[in-house]
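The file structure_13.txt comes next; it holds compact mmCIF, C-alpha atoms and all ligand atoms.
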# COMPACT_ATOMS: atom_id res chain seq x y z
CA MET A 145 0.00 0.00 0.00
CA ALA A 146 1.28 3.47 -0.72
CA SER A 147 0.57 7.12 -1.11
CA ILE A 148 1.28 8.81 -4.44
CA ARG A 149 2.59 12.32 -4.91
CA LEU A 150 2.72 14.24 -8.17
CA GLU A 151 5.01 17.26 -7.93
CA ASN A 152 4.61 19.87 -10.61
CA ILE A 153 4.18 17.35 -13.41
CA VAL A 154 4.33 18.62 -16.98
CA LYS A 155 3.92 16.50 -20.11
CA ARG A 156 4.75 18.09 -23.44
CA TYR A 157 4.37 16.59 -26.86
CA GLY A 158 6.47 18.93 -29.01
CA ALA A 159 4.86 22.35 -28.77
CA PHE A 160 1.67 20.94 -27.21
CA THR A 161 1.34 20.60 -23.45
CA GLY A 162 -0.91 17.67 -22.50
CA VAL A 163 -0.53 18.06 -18.72
CA LYS A 164 0.24 21.44 -17.16
CA HIS A 165 2.03 21.74 -13.80
CA MET A 166 -0.03 19.19 -11.99
CA SER A 167 0.55 18.71 -8.27
CA LEU A 168 -1.47 16.22 -6.28
CA ASP A 169 -1.23 14.15 -3.11
CA ILE A 170 -3.09 10.85 -3.16
CA ALA A 171 -3.40 9.29 0.29
CA ASP A 172 -2.62 5.68 1.10
CA GLU A 173 -5.77 3.56 0.55
CA GLU A 174 -7.58 6.43 -1.18
CA PHE A 175 -9.90 5.93 -4.16
CA LEU A 176 -9.08 8.89 -6.37
CA VAL A 177 -10.92 9.56 -9.63
CA LEU A 178 -9.53 11.67 -12.46
CA LEU A 179 -12.55 13.13 -14.26
CA GLY A 180 -12.73 15.34 -17.31
CA PRO A 181 -13.71 15.56 -20.97
CA SER A 182 -11.89 13.77 -23.76
CA GLY A 183 -8.36 15.07 -24.24
CA CYS A 184 -8.04 16.77 -20.84
CA GLY A 185 -4.97 14.74 -19.86
CA LYS A 186 -6.43 12.02 -17.63
CA THR A 187 -4.91 9.05 -19.41
CA THR A 188 -1.57 10.77 -19.82
CA THR A 189 -1.47 11.43 -16.06
CA MET A 190 -2.34 7.83 -15.34
CA ARG A 191 0.28 6.53 -17.78
CA MET A 192 2.93 8.66 -16.11
CA ILE A 193 2.04 7.13 -12.72
CA ALA A 194 2.22 3.69 -14.34
CA GLY A 195 5.61 4.42 -15.89
CA LEU A 196 4.37 4.08 -19.48
CA GLU A 197 5.06 7.76 -20.18
CA GLU A 198 7.84 9.91 -18.82
CA PRO A 199 6.98 13.34 -17.43
CA THR A 200 8.76 16.20 -19.20
CA GLU A 201 9.09 17.95 -15.85
CA GLY A 202 8.32 17.15 -12.23
CA GLN A 203 8.55 14.18 -9.92
CA ILE A 204 6.34 11.19 -9.25
CA ILE A 205 6.69 9.64 -5.81
CA ILE A 206 5.08 6.33 -4.84
CA GLY A 207 5.40 5.57 -1.13
CA ASP A 208 8.65 7.32 -0.30
CA GLU A 209 10.41 6.55 -3.55
CA VAL A 210 10.86 8.84 -6.54
CA VAL A 211 9.85 6.55 -9.40
CA ASN A 212 10.65 8.73 -12.45
CA GLU A 213 13.56 6.47 -13.38
CA ILE A 214 11.88 3.21 -12.42
CA ASP A 215 10.50 0.94 -15.15
CA ALA A 216 6.76 0.31 -15.35
CA ARG A 217 7.20 -3.38 -14.51
CA ASP A 218 9.15 -2.54 -11.36
CA ARG A 219 6.63 -0.03 -9.98
CA ASP A 220 4.32 -2.54 -8.33
CA VAL A 221 1.20 -1.08 -9.88
CA ALA A 222 -1.58 -3.16 -11.47
CA MET A 223 -3.55 -1.73 -14.35
CA VAL A 224 -6.99 -2.37 -15.79
CA PHE A 225 -7.87 -0.78 -19.11
CA GLN A 226 -11.05 -0.66 -21.14
CA GLY A 227 -9.93 -3.44 -23.47
CA TYR A 228 -9.79 -6.49 -21.25
CA ALA A 229 -6.58 -7.78 -22.87
CA LEU A 230 -7.12 -11.33 -21.69
CA TYR A 231 -5.16 -14.06 -23.46
CA PRO A 232 -7.77 -15.79 -25.64
CA ASN A 233 -6.10 -19.20 -25.63
CA MET A 234 -5.64 -19.38 -21.88
CA SER A 235 -8.34 -20.38 -19.42
CA ILE A 236 -9.58 -17.74 -17.01
CA TYR A 237 -7.59 -19.57 -14.34
CA GLU A 238 -4.36 -19.18 -16.31
CA ASN A 239 -5.17 -15.60 -17.22
CA ILE A 240 -5.56 -14.67 -13.57
CA ARG A 241 -2.40 -16.62 -12.78
CA PHE A 242 -0.30 -14.76 -15.32
CA PRO A 243 0.89 -11.89 -13.06
CA LEU A 244 1.90 -14.39 -10.38
CA ARG A 245 4.16 -16.15 -12.86
CA MET A 246 5.55 -12.87 -14.16
CA ARG A 247 6.36 -11.79 -10.63
CA LYS A 248 7.82 -15.20 -9.79
CA ILE A 249 5.51 -15.73 -6.84
CA ALA A 250 6.07 -19.19 -5.29
CA ARG A 251 4.00 -21.78 -7.21
CA ASP A 252 2.47 -23.36 -4.16
CA LYS A 253 0.74 -20.06 -3.38
CA HIS A 254 -0.88 -19.65 -6.81
CA ASP A 255 -4.00 -21.73 -6.46
CA ALA A 256 -5.25 -20.08 -3.26
CA LEU A 257 -4.55 -16.57 -4.60
CA ILE A 258 -6.29 -17.26 -7.93
CA ARG A 259 -9.38 -18.69 -6.24
CA GLN A 260 -9.54 -15.83 -3.77
CA ALA A 261 -9.33 -13.23 -6.58
CA ALA A 262 -11.91 -15.09 -8.69
CA ASP A 263 -14.31 -15.37 -5.75
CA MET A 264 -14.00 -11.67 -5.10
CA VAL A 265 -15.43 -10.94 -8.55
CA GLU A 266 -17.79 -13.92 -8.45
CA LEU A 267 -16.05 -15.87 -11.18
CA GLY A 268 -15.20 -18.93 -9.11
CA ASP A 269 -17.33 -21.16 -11.32
CA TYR A 270 -15.83 -19.96 -14.59
CA LEU A 271 -12.14 -20.64 -14.07
CA ASP A 272 -11.97 -23.43 -16.68
CA ARG A 273 -13.51 -21.38 -19.46
CA LYS A 274 -11.67 -19.45 -22.14
CA PRO A 275 -12.38 -15.70 -22.40
CA GLY A 276 -14.39 -16.25 -25.61
CA ALA A 277 -16.95 -18.21 -23.60
CA LEU A 278 -17.64 -15.36 -21.19
CA SER A 279 -19.90 -12.32 -21.45
CA GLY A 280 -18.39 -8.83 -21.65
CA GLY A 281 -19.05 -8.22 -17.98
CA GLN A 282 -17.51 -11.53 -16.97
CA ARG A 283 -14.44 -10.77 -19.05
CA GLN A 284 -14.14 -7.40 -17.39
CA ARG A 285 -14.36 -9.10 -14.01
CA ALA A 286 -11.67 -11.55 -15.07
CA ALA A 287 -9.44 -8.60 -15.96
CA LEU A 288 -10.11 -7.17 -12.51
CA ALA A 289 -9.29 -10.48 -10.84
CA ARG A 290 -6.03 -10.58 -12.75
CA ALA A 291 -5.21 -7.09 -11.49
CA VAL A 292 -5.97 -7.90 -7.86
CA VAL A 293 -4.49 -11.39 -7.69
CA ARG A 294 -1.19 -10.16 -6.38
CA GLN A 295 -1.83 -7.26 -4.13
CA PRO A 296 0.00 -4.38 -5.72
CA GLN A 297 0.81 -1.08 -4.05
CA VAL A 298 -1.41 0.79 -6.48
CA PHE A 299 -4.33 0.05 -8.82
CA LEU A 300 -4.64 2.12 -11.96
CA MET A 301 -7.92 1.82 -13.84
CA ASP A 302 -8.57 3.61 -17.13
CA GLU A 303 -12.27 3.63 -18.05
CA PRO A 304 -12.55 -0.06 -17.17
CA LEU A 305 -16.34 -0.08 -17.49
CA SER A 306 -16.82 1.85 -20.71
CA ASN A 307 -17.43 -1.24 -22.87
CA LEU A 308 -20.26 -2.49 -20.69
CA ASP A 309 -23.97 -1.80 -20.93
CA ALA A 310 -25.54 0.58 -18.42
CA LYS A 311 -26.91 -2.07 -16.08
CA LEU A 312 -23.67 -4.00 -15.91
CA ARG A 313 -21.72 -0.79 -15.40
CA ALA A 314 -23.81 0.02 -12.35
CA SER A 315 -23.29 -3.40 -10.80
CA MET A 316 -19.55 -3.45 -11.61
CA ARG A 317 -19.22 -0.02 -10.03
CA VAL A 318 -20.46 -1.33 -6.72
CA GLN A 319 -18.22 -4.36 -7.04
CA ILE A 320 -15.10 -2.31 -7.73
CA LYS A 321 -15.79 -0.01 -4.80
CA HIS A 322 -16.44 -2.92 -2.46
CA MET A 323 -13.28 -4.66 -3.60
CA GLN A 324 -11.16 -1.56 -3.17
CA ARG A 325 -12.46 -1.11 0.37
CA GLN A 326 -11.67 -4.74 1.18
CA LEU A 327 -8.20 -4.70 -0.30
CA LYS A 328 -7.34 -1.17 0.84
CA VAL A 329 -5.14 -0.57 -2.19
CA THR A 330 -4.57 3.02 -3.28
CA THR A 331 -6.53 3.41 -6.52
CA VAL A 332 -6.45 5.95 -9.33
CA TYR A 333 -9.43 5.64 -11.67
CA VAL A 334 -9.88 7.55 -14.93
CA THR A 335 -13.30 8.32 -16.35
CA HIS A 336 -15.23 10.94 -18.28
CA ASP A 337 -18.48 9.76 -16.66
CA GLN A 338 -19.42 12.01 -13.79
CA ILE A 339 -21.83 9.50 -12.25
CA GLU A 340 -19.04 6.94 -12.09
CA ALA A 341 -16.76 9.53 -10.51
CA MET A 342 -19.34 10.64 -7.95
CA THR A 343 -20.26 7.10 -6.90
CA LEU A 344 -16.75 5.65 -6.70
CA ALA A 345 -14.45 8.37 -5.47
CA ASP A 346 -13.19 9.36 -2.06
CA ARG A 347 -11.99 12.44 -3.90
CA ILE A 348 -12.43 13.61 -7.48
CA VAL A 349 -9.89 15.57 -9.49
CA ILE A 350 -11.63 17.49 -12.24
CA MET A 351 -9.34 18.26 -15.16
CA ASN A 352 -9.73 20.42 -18.23
CA GLY A 353 -7.16 21.37 -20.86
CA GLY A 354 -4.35 19.57 -18.99
CA ALA A 355 -4.95 21.46 -15.74
CA ILE A 356 -6.66 20.64 -12.47
CA GLN A 357 -9.90 22.60 -12.04
CA GLN A 358 -10.85 21.36 -8.58
CA VAL A 359 -10.01 18.58 -6.14
CA GLY A 360 -12.60 17.55 -3.57
CA THR A 361 -14.94 14.91 -2.22
CA PRO A 362 -17.99 14.22 -4.39
CA ASP A 363 -20.07 16.30 -1.94
CA GLU A 364 -17.67 19.25 -2.14
CA ILE A 365 -17.55 19.12 -5.92
CA TYR A 366 -21.33 19.06 -6.14
CA THR A 367 -22.20 21.61 -3.46
CA ASP A 368 -19.21 23.91 -3.76
CA PRO A 369 -17.97 24.05 -7.37
CA ALA A 370 -14.98 26.32 -7.91
CA ASN A 371 -15.93 27.55 -11.37
CA THR A 372 -18.40 27.26 -14.23
CA PHE A 373 -16.46 24.37 -15.78
CA VAL A 374 -16.91 22.20 -12.68
CA ALA A 375 -20.50 23.38 -12.16
CA GLY A 376 -21.37 22.60 -15.78
CA PHE A 377 -19.70 19.18 -15.67
CA ILE A 378 -21.22 17.72 -12.48
CA GLY A 379 -24.86 16.81 -11.99
CA SER A 380 -27.25 15.12 -14.37
CA PRO A 381 -28.35 17.24 -15.99
CA PRO A 382 -25.57 19.64 -14.88
CA MET A 383 -26.08 23.08 -13.37
CA ASN A 384 -27.88 25.68 -15.51
CA LEU A 385 -25.57 28.64 -16.11
CA ILE A 386 -27.33 31.87 -17.04
CA GLU A 387 -25.34 34.94 -18.09
CA GLY A 388 -26.82 38.26 -17.01
CA THR A 389 -26.33 41.37 -14.92
CA ALA A 390 -26.37 42.05 -11.20
CA ALA A 391 -27.48 45.40 -9.78
CA ALA A 392 -29.04 46.50 -6.49
CA GLY A 393 -29.64 42.99 -5.20
CA ARG A 394 -31.20 41.62 -8.38
CA PHE A 395 -29.92 39.40 -11.13
CA THR A 396 -31.52 39.97 -14.50
CA ALA A 397 -31.27 38.34 -17.90
CA PRO A 398 -33.86 38.07 -20.71
CA GLY A 399 -36.75 36.21 -19.06
CA VAL A 400 -35.03 36.08 -15.65
CA SER A 401 -35.25 38.25 -12.54
CA ALA A 402 -33.95 36.70 -9.32
CA PRO A 403 -32.65 38.03 -6.02
CA CYS A 404 -28.88 38.10 -5.62
CA PRO A 405 -26.50 39.39 -2.94
CA ALA A 406 -26.46 43.18 -2.84
CA HIS A 407 -22.68 43.45 -3.20
CA LEU A 408 -22.70 41.90 -6.68
CA SER A 409 -22.76 44.14 -9.70
CA GLY A 410 -22.08 44.02 -13.42
CA ALA A 411 -21.85 41.01 -15.70
CA ILE A 412 -22.11 37.73 -13.78
CA THR A 413 -23.33 34.19 -14.34
CA LEU A 414 -26.09 32.73 -12.20
CA GLY A 415 -25.95 29.00 -11.54
CA VAL A 416 -28.97 26.93 -10.53
CA ARG A 417 -29.21 23.15 -10.50
CA PRO A 418 -32.19 21.48 -12.24
CA GLU A 419 -33.12 19.89 -8.88
CA ASP A 420 -33.23 23.32 -7.19
CA CYS A 421 -35.92 24.67 -9.54
CA ARG A 422 -39.69 24.50 -9.03
CA VAL A 423 -42.43 24.45 -11.63
CA SER A 424 -44.08 27.46 -9.99
CA GLY A 425 -42.89 30.97 -9.31
CA ASP A 426 -41.73 33.67 -11.64
CA GLU A 427 -37.98 34.04 -11.31
CA LEU A 428 -37.75 32.70 -14.81
CA THR A 429 -40.51 32.93 -17.38
CA GLY A 430 -40.45 31.04 -20.64
CA THR A 431 -42.20 28.32 -22.57
CA VAL A 432 -42.16 24.56 -22.41
CA TYR A 433 -39.64 23.26 -24.96
CA GLY A 434 -39.67 19.58 -24.03
CA VAL A 435 -41.00 17.17 -21.43
CA GLU A 436 -39.20 13.86 -20.80
CA PRO A 437 -40.80 11.49 -18.30
CA THR A 438 -38.35 8.87 -16.97
CA GLY A 439 -40.54 7.21 -14.35
CA ASP A 440 -39.17 8.63 -11.10
CA VAL A 441 -38.62 12.18 -12.36
CA THR A 442 -39.67 14.26 -15.35
CA TYR A 443 -37.06 16.35 -17.14
CA LEU A 444 -38.45 19.63 -18.31
CA THR A 445 -36.63 21.84 -20.80
CA VAL A 446 -37.72 25.47 -20.69
CA ALA A 447 -36.99 27.97 -23.48
CA PHE A 448 -36.44 31.54 -22.28
CA GLY A 449 -35.04 34.46 -24.25
CA GLU A 450 -32.73 32.78 -26.77
CA ARG A 451 -31.77 30.06 -24.34
CA GLN A 452 -32.87 26.89 -22.61
CA MET A 453 -32.65 25.49 -19.11
CA GLU A 454 -33.28 22.12 -17.51
CA VAL A 455 -35.63 21.54 -14.60
CA LYS A 456 -36.20 18.33 -12.67
CA ALA A 457 -39.96 18.23 -12.23
CA ALA A 458 -42.20 15.83 -10.34
CA ARG A 459 -42.70 12.39 -11.85
CA ASP A 460 -46.28 13.20 -12.83
CA PHE A 461 -45.54 16.60 -14.36
CA ARG A 462 -46.81 16.90 -17.94
CA ALA A 463 -47.26 19.93 -20.18
CA ASP A 464 -47.77 20.71 -23.86
CA ILE A 465 -44.94 22.17 -25.89
CA ASP A 466 -44.94 26.00 -26.13
CA THR A 467 -47.12 26.44 -22.99
CA PRO A 468 -46.00 29.53 -21.06
CA ILE A 469 -44.39 28.51 -17.77
CA GLY A 470 -42.94 30.19 -14.67
CA ILE A 471 -39.99 28.64 -12.84
CA GLY A 472 -38.95 29.40 -9.26
CA PHE A 473 -35.43 28.95 -7.84
CA ASP A 474 -34.48 27.73 -4.37
CA ALA A 475 -32.96 30.99 -3.15
CA ASP A 476 -30.56 29.22 -0.75
CA ARG A 477 -29.02 27.20 -3.53
CA LEU A 478 -28.04 29.77 -6.10
CA TYR A 479 -24.45 30.15 -7.29
CA TYR A 480 -22.72 33.17 -8.81
CA PHE A 481 -19.69 33.25 -11.07
CA ASP A 482 -17.61 36.16 -12.33
CA GLU A 483 -16.85 36.93 -15.97
CA THR A 484 -13.85 34.61 -15.99
CA GLY A 485 -16.05 31.76 -14.74
CA ASN A 486 -14.67 31.70 -11.18
CA ARG A 487 -17.09 31.32 -8.33
CA ILE A 488 -18.02 34.46 -6.42
CA ARG A 489 -18.27 33.40 -2.79
CA GLU A 490 -20.69 35.01 -0.40
CA VAL A 491 -19.12 37.63 1.84
CA ALA A 492 -19.76 37.05 5.52
P1 LIG A 501 -9.77 10.52 -23.40
O1 LIG A 501 -10.88 10.50 -22.40
O2 LIG A 501 -10.22 10.87 -24.78
O3 LIG A 501 -8.90 9.30 -23.34
P2 LIG A 501 -7.77 11.98 -21.87
O4 LIG A 501 -8.23 13.02 -20.93
O5 LIG A 501 -7.38 10.68 -21.30
O6 LIG A 501 -8.85 11.78 -23.00
P3 LIG A 501 -5.09 12.11 -22.86
O7 LIG A 501 -5.08 10.80 -23.58
O8 LIG A 501 -4.38 12.17 -21.57
O9 LIG A 501 -6.58 12.61 -22.68
O10 LIG A 501 -4.50 13.20 -23.84
C1 LIG A 501 -4.29 14.55 -23.43
C2 LIG A 501 -3.87 15.36 -24.64
O11 LIG A 501 -2.56 14.98 -25.06
C3 LIG A 501 -4.78 15.17 -25.84
O12 LIG A 501 -5.00 16.42 -26.43
C4 LIG A 501 -3.99 14.25 -26.74
O13 LIG A 501 -4.30 14.50 -28.09
C5 LIG A 501 -2.56 14.62 -26.41
N1 LIG A 501 -1.66 13.47 -26.60
C6 LIG A 501 -1.70 12.29 -25.94
N2 LIG A 501 -0.72 11.47 -26.34
C7 LIG A 501 -0.03 12.13 -27.30
C8 LIG A 501 1.12 11.82 -28.11
N3 LIG A 501 1.75 10.66 -28.02
N4 LIG A 501 1.53 12.77 -28.96
C9 LIG A 501 0.92 13.98 -29.07
N5 LIG A 501 -0.17 14.34 -28.33
C10 LIG A 501 -0.63 13.43 -27.46
Just dump the structure as structure tokens.
Ligand code: ATP
Amino acid sequence: MASIRLENIVKRYGAFTGVKHMSLDIADEEFLVLLGPSGCGKTTTMRMIAGLEEPTEGQIIIGDEVVNEIDARDRDVAMVFQGYALYPNMSIYENIRFPLRMRKIARDKHDALIRQAADMVELGDYLDRKPGALSGGQRQRAALARAVVRQPQVFLMDEPLSNLDAKLRASMRVQIKHMQRQLKVTTVYVTHDQIEAMTLADRIVIMNGGAIQQVGTPDEIYTDPANTFVAGFIGSPPMNLIEGTAAAGRFTAPGVSAPCPAHLSGAITLGVRPEDCRVSGDELTGTVYGVEPTGDVTYLTVAFGERQMEVKAARDFRADIDTPIGIGFDADRLYYFDETGNRIREVA
């Protein structure tokens, strides 16, 4: 088990900088998720921790050892990627055994370790099969078992669930989290799926354009976003961001007039989550653009001015398109951002 420290890591590809001065402390036993849109530098960061890429600048420390010069195979990290990369001609048993042979673990220990890892992912009954005779989810679980069979210092997982259907993803999510808690192995997990990040992480690192935007627990990221990027990335649907003007304790934009702190003035962005809106009130007036019932909640899209916003309405809410509608905001849950997108915090 080990902590991981990234000190001022930079990764350049010629003139392009993929990761920009990234510093991060990952605690021993922590489940840390790197979250961000495609191309933000998540995989590059992960590959540098693994030793598959070399940082252009900065240090990577695992435990108390600087590992920059240490080969990937000597770093004692186990990786799971989205392709399962199982050997098709080997049984699941032999696939899971492979890292034990590579690491020259004493043969008489293999059987117990393989069965323990297989049981953990509920594959105990499938050890004789070849990968081709397993479902996608079972193959993914076999890849996980192979990663956990020898307990490494660090797990690195890069979108391991992205090939699975939604239902399987949800059940694998729980399984991965449970397993990580049992094994207490420091884990870095890369995803662009915010639900996966929120449900799995002890802490989330939100990245954009090669730079960290915010680091925090899922609760902190959701309730206390640092900027419009984070606010607009987290939540499903994410926070509505409405550009307008603040003056004399009111925020106004075409179709919108809401209270705001008296000290704010000029061009600002108001943030309100779909779940903090009500289908009554008159802070925002517009027309019904779309109604999407999902069973437990109805998603309502409202057109106002030239724009649209999302509202989570009651499960039985229904309305015809183009009906005029008034939306109220939960005044305690409004967010304000300055022109550069940074959060404007309340003054005490
Ligand atoms: P995705 O979710 O699409 O995998 P990501 O956040 O993992 O995205 P990275 O793979 O880390 O993104 O890539 C970060 C940036 O670095 C991207 O803009 C990518 O095009 C660039 N990049 C990655 N590898 C190389 C390379 N070998 N040469 C040049 N540019 C690269």
- prompt: What residues have any atom no more than 10 Å from ligand LIG 501 (chain A) when counting all atoms listed in the file, and can you list them as a PyMOL selection string?
  reply: chain A and resi 155-163+178-192+197+302-303+334-337+351-354
message: List the spatial neighbours of Ala458 in chain A as an NGL selection string - criterion: any atom at most 8 Å away, all atoms listed in the file, same-chain residues fewer than 4 positions off excluded.
response: :A and (440-442)
task: Show which residues sit within 12 Å of Leu278 in chain A, as a PyMOL selection string. Count all atoms listed in the file, and ignore same-chain residues fewer than 3 positions away.
output: chain A and resi 228+230+232+235-236+267+269-275+281-287
Could you turn the residues from that selection into a file that holds C-alpha atoms, as an mmCIF file, in the coordinates of the input?
data_model
loop_
_atom_site.group_PDB
_atom_site.id
_atom_site.type_symbol
_atom_site.label_atom_id
_atom_site.label_comp_id
_atom_site.auth_asym_id
_atom_site.auth_seq_id
_atom_site.Cartn_x
_atom_site.Cartn_y
_atom_site.Cartn_z
ATOM 1 C CA TYR A 228 -9.790 -6.490 -21.250
ATOM 2 C CA LEU A 230 -7.120 -11.330 -21.690
ATOM 3 C CA PRO A 232 -7.770 -15.790 -25.640
ATOM 4 C CA SER A 235 -8.340 -20.380 -19.420
ATOM 5 C CA ILE A 236 -9.580 -17.740 -17.010
ATOM 6 C CA LEU A 267 -16.050 -15.870 -11.180
ATOM 7 C CA ASP A 269 -17.330 -21.160 -11.320
ATOM 8 C CA TYR A 270 -15.830 -19.960 -14.590
ATOM 9 C CA LEU A 271 -12.140 -20.640 -14.070
ATOM 10 C CA ASP A 272 -11.970 -23.430 -16.680
ATOM 11 C CA ARG A 273 -13.510 -21.380 -19.460
ATOM 12 C CA LYS A 274 -11.670 -19.450 -22.140
ATOM 13 C CA PRO A 275 -12.380 -15.700 -22.400
ATOM 14 C CA GLY A 281 -19.050 -8.220 -17.980
ATOM 15 C CA GLN A 282 -17.510 -11.530 -16.970
ATOM 16 C CA ARG A 283 -14.440 -10.770 -19.050
ATOM 17 C CA GLN A 284 -14.140 -7.400 -17.390
ATOM 18 C CA ARG A 285 -14.360 -9.100 -14.010
ATOM 19 C CA ALA A 286 -11.670 -11.550 -15.070
ATOM 20 C CA ALA A 287 -9.440 -8.600 -15.960
#
field: Atomic distance CA of Met234 in chain A - CA of Val221 in chain A, expressed in Å with one decimal
entry: 22.9 Å
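Atom pair CA of Val423 in chain A / CA of Ile471 in chain A: separated by 5.0 Å.
If you look at CA of Pro381 in chain A and CA of Pro304 in chain A, they are 23.5 Å away from each other.
With all atoms listed in the file taken into account, the protein and nucleic acid residues at most 12 Å from Ile214 in chain A (excluding it and anything under 2 positions from it in its own chain) are Met192, Ile193, Ala194, Gly195, Leu196, Glu197, Glu198, Gln203, Ile204, Ile205, Ile206, Glu209, Val210, Val211, Asn212, Ala216, Arg217, Asp218, Arg219, Asp220 and Val221 of chain A.
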message: Which residues are close to His407 in chain A, i.e. within 12 Å by only C-alpha atoms, leaving aside same-chain residues fewer than 3 positions away? Reply as a PyMOL selection string.
response: chain A and resi 390-395+403-404+410+480+488-492
query: If I put a ball of radius 10 Å at (-4.0, -5.1, -5.9) in the file's coordinates, which residues poke into it when counting only C-alpha atoms, written as a ChimeraX atom specification?
result: /A:145,220-223,261,288-300,323-324,327-331
